[in-house]
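Chemist: Got a structure for you, questions after.
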Amino acid sequence: MGRLLVPALVLAFAALFLRSYSLPPAPDRRGGTVIVLDWPNRPLFGSPRSDCLGRPDSEIPIACLIGSVARSREGIVLASLPFCVTCHDWSQRLAALGRDPRAVAAAQARISRFGW
């Protein structure tokens with residue numbers, strides 16, 4: 001039992017740094033899901049849209065979207081997979097938790113005007 005405890009603790013600690021980031025496909029880019037090891041200062045399932053939902057209405061979201069994608073590439077890439085609809089959906093749901101649904105819908109409408 002003791003032999004399994006140490007590897008289990010090491011895996012549990014490493015899982016704290018595991019992140020998934022999904023970029024939806026669009027005419028100007030190929031979508032995909034990237035699994036990276038990164039600092040646990042971002043949600044487990046991330047996307048550019050979920051990172052930019054809390055921005056003020058006066059701010060143009062394109063800078064946030066581009067910055068979000070750039071930050072997602074800072075970690076150690078473990079796998080690059082095709083676009084994962086489920087991961088992207090989870091990231092949207094996690095980002096909307098505890099927020100005003102009307103504010104989230106308005107932010108998503110602003111973001112979608114830029115093709116995201």
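Identifiers for the structure tokens are assigned positionally: chains receive A, B, ... in sequence, residues are indexed from 1 per chain, and ligands are indexed from 1 in the order shown.
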So that I can check the secondary structure, give me every residue of chain A assigned strand (DSSP E or B) by backbone DSSP, as a list in words.

Modeler: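 Filtering chain A down to strand (DSSP E or B) leaves Leu18, Arg19, Ser20, Tyr21, Ser22, Leu23, Ala26, Arg29, Gly32, Thr33, Val34, Ile35, Val36, Leu37, Phe45, Gly46, Ile76, Val77, Leu78, Ala79, Ser80 and Leu81 of chain A.
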
Chemist: May I have the selected residues written with N, CA, C and O atoms, as a compact mmCIF listing (two decimals), in the first residue's frame?

Modeler:
```
# COMPACT_ATOMS: atom_id res chain seq x y z
N LEU A 18 -2.09 20.45 -14.83
CA LEU A 18 -2.62 20.02 -16.12
C LEU A 18 -3.74 20.94 -16.55
O LEU A 18 -4.68 21.18 -15.80
N ARG A 19 -3.67 21.48 -17.77
CA ARG A 19 -4.67 22.39 -18.30
C ARG A 19 -5.02 21.99 -19.73
O ARG A 19 -4.18 21.48 -20.46
N SER A 20 -6.25 22.24 -20.11
CA SER A 20 -6.71 22.00 -21.47
C SER A 20 -7.19 23.32 -22.05
O SER A 20 -7.87 24.10 -21.36
N TYR A 21 -6.84 23.59 -23.28
CA TYR A 21 -7.21 24.86 -23.91
C TYR A 21 -7.76 24.57 -25.29
O TYR A 21 -7.09 23.94 -26.11
N SER A 22 -8.99 25.01 -25.58
CA SER A 22 -9.64 24.73 -26.86
C SER A 22 -9.85 26.00 -27.65
O SER A 22 -10.41 26.97 -27.15
N LEU A 23 -9.40 25.98 -28.88
CA LEU A 23 -9.57 27.09 -29.80
C LEU A 23 -10.50 26.63 -30.91
O LEU A 23 -10.18 25.68 -31.63
N ALA A 26 -12.16 28.35 -37.31
CA ALA A 26 -12.73 29.50 -38.00
C ALA A 26 -12.10 29.57 -39.39
O ALA A 26 -11.12 28.87 -39.66
N ARG A 29 -8.32 30.22 -39.12
CA ARG A 29 -7.46 29.40 -38.27
C ARG A 29 -8.02 27.99 -38.13
O ARG A 29 -9.21 27.77 -38.28
N GLY A 32 -8.39 23.58 -32.40
CA GLY A 32 -7.73 22.46 -31.76
C GLY A 32 -7.81 22.56 -30.26
O GLY A 32 -8.17 23.59 -29.69
N THR A 33 -7.46 21.47 -29.62
CA THR A 33 -7.39 21.41 -28.17
C THR A 33 -5.97 21.04 -27.80
O THR A 33 -5.41 20.08 -28.33
N VAL A 34 -5.39 21.82 -26.91
CA VAL A 34 -4.02 21.59 -26.47
C VAL A 34 -4.05 21.24 -24.99
O VAL A 34 -4.74 21.90 -24.21
N ILE A 35 -3.34 20.21 -24.62
CA ILE A 35 -3.20 19.82 -23.22
C ILE A 35 -1.79 20.20 -22.80
O ILE A 35 -0.81 19.77 -23.42
N VAL A 36 -1.70 21.06 -21.79
CA VAL A 36 -0.41 21.60 -21.37
C VAL A 36 -0.22 21.46 -19.87
O VAL A 36 -1.18 21.32 -19.11
N LEU A 37 1.04 21.51 -19.47
CA LEU A 37 1.40 21.67 -18.06
C LEU A 37 1.67 23.15 -17.87
O LEU A 37 2.54 23.73 -18.53
N PHE A 45 -10.29 23.78 -17.90
CA PHE A 45 -10.71 23.85 -19.30
C PHE A 45 -10.78 25.31 -19.69
O PHE A 45 -11.58 26.06 -19.16
N GLY A 46 -9.94 25.73 -20.61
CA GLY A 46 -9.91 27.14 -20.99
C GLY A 46 -10.17 27.35 -22.47
O GLY A 46 -10.06 26.44 -23.29
N ILE A 76 4.08 23.86 -21.06
CA ILE A 76 4.72 22.73 -21.72
C ILE A 76 3.63 21.91 -22.38
O ILE A 76 2.76 21.35 -21.71
N VAL A 77 3.64 21.85 -23.71
CA VAL A 77 2.60 21.16 -24.47
C VAL A 77 2.80 19.65 -24.34
O VAL A 77 3.86 19.12 -24.67
N LEU A 78 1.77 18.98 -23.86
CA LEU A 78 1.81 17.52 -23.75
C LEU A 78 1.16 16.86 -24.96
O LEU A 78 1.61 15.80 -25.39
N ALA A 79 0.10 17.48 -25.49
CA ALA A 79 -0.60 16.91 -26.64
C ALA A 79 -1.36 18.00 -27.37
O ALA A 79 -1.89 18.92 -26.75
N SER A 80 -1.38 17.90 -28.70
CA SER A 80 -2.21 18.76 -29.54
C SER A 80 -3.22 17.86 -30.22
O SER A 80 -2.85 16.96 -30.97
N LEU A 81 -4.49 18.11 -29.96
CA LEU A 81 -5.56 17.26 -30.45
C LEU A 81 -6.50 18.06 -31.35
O LEU A 81 -6.48 19.29 -31.33
```

Chemist: May I have the residues within 10 Å of segment 101-110 of chain A as a list of chain:residue names, using only C-alpha atoms and disregarding those fewer than 3 positions away in the same chain?

Modeler: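 Neighbouring residues, sequence-local ones excluded: A:Arg49, A:Ser50, A:Cys52, A:Leu53, A:Gly54, A:Arg55, A:Pro56, A:Asp57, A:Glu59, A:Ile60, A:Pro61, A:Ile62, A:Gln92, A:Ala95, A:Ala96, A:Leu97, A:Gly98, A:Arg113, A:Phe114, A:Gly115, A:Trp116.
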
Chemist: Which residue is closest to Cys64 of chain A? Choose from A:Cys84, A:Arg30, A:Ile111, A:Leu94 and count only C-alpha atoms.

Modeler: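 Closest to Cys64 of chain A of all the choices is A:Ile111.
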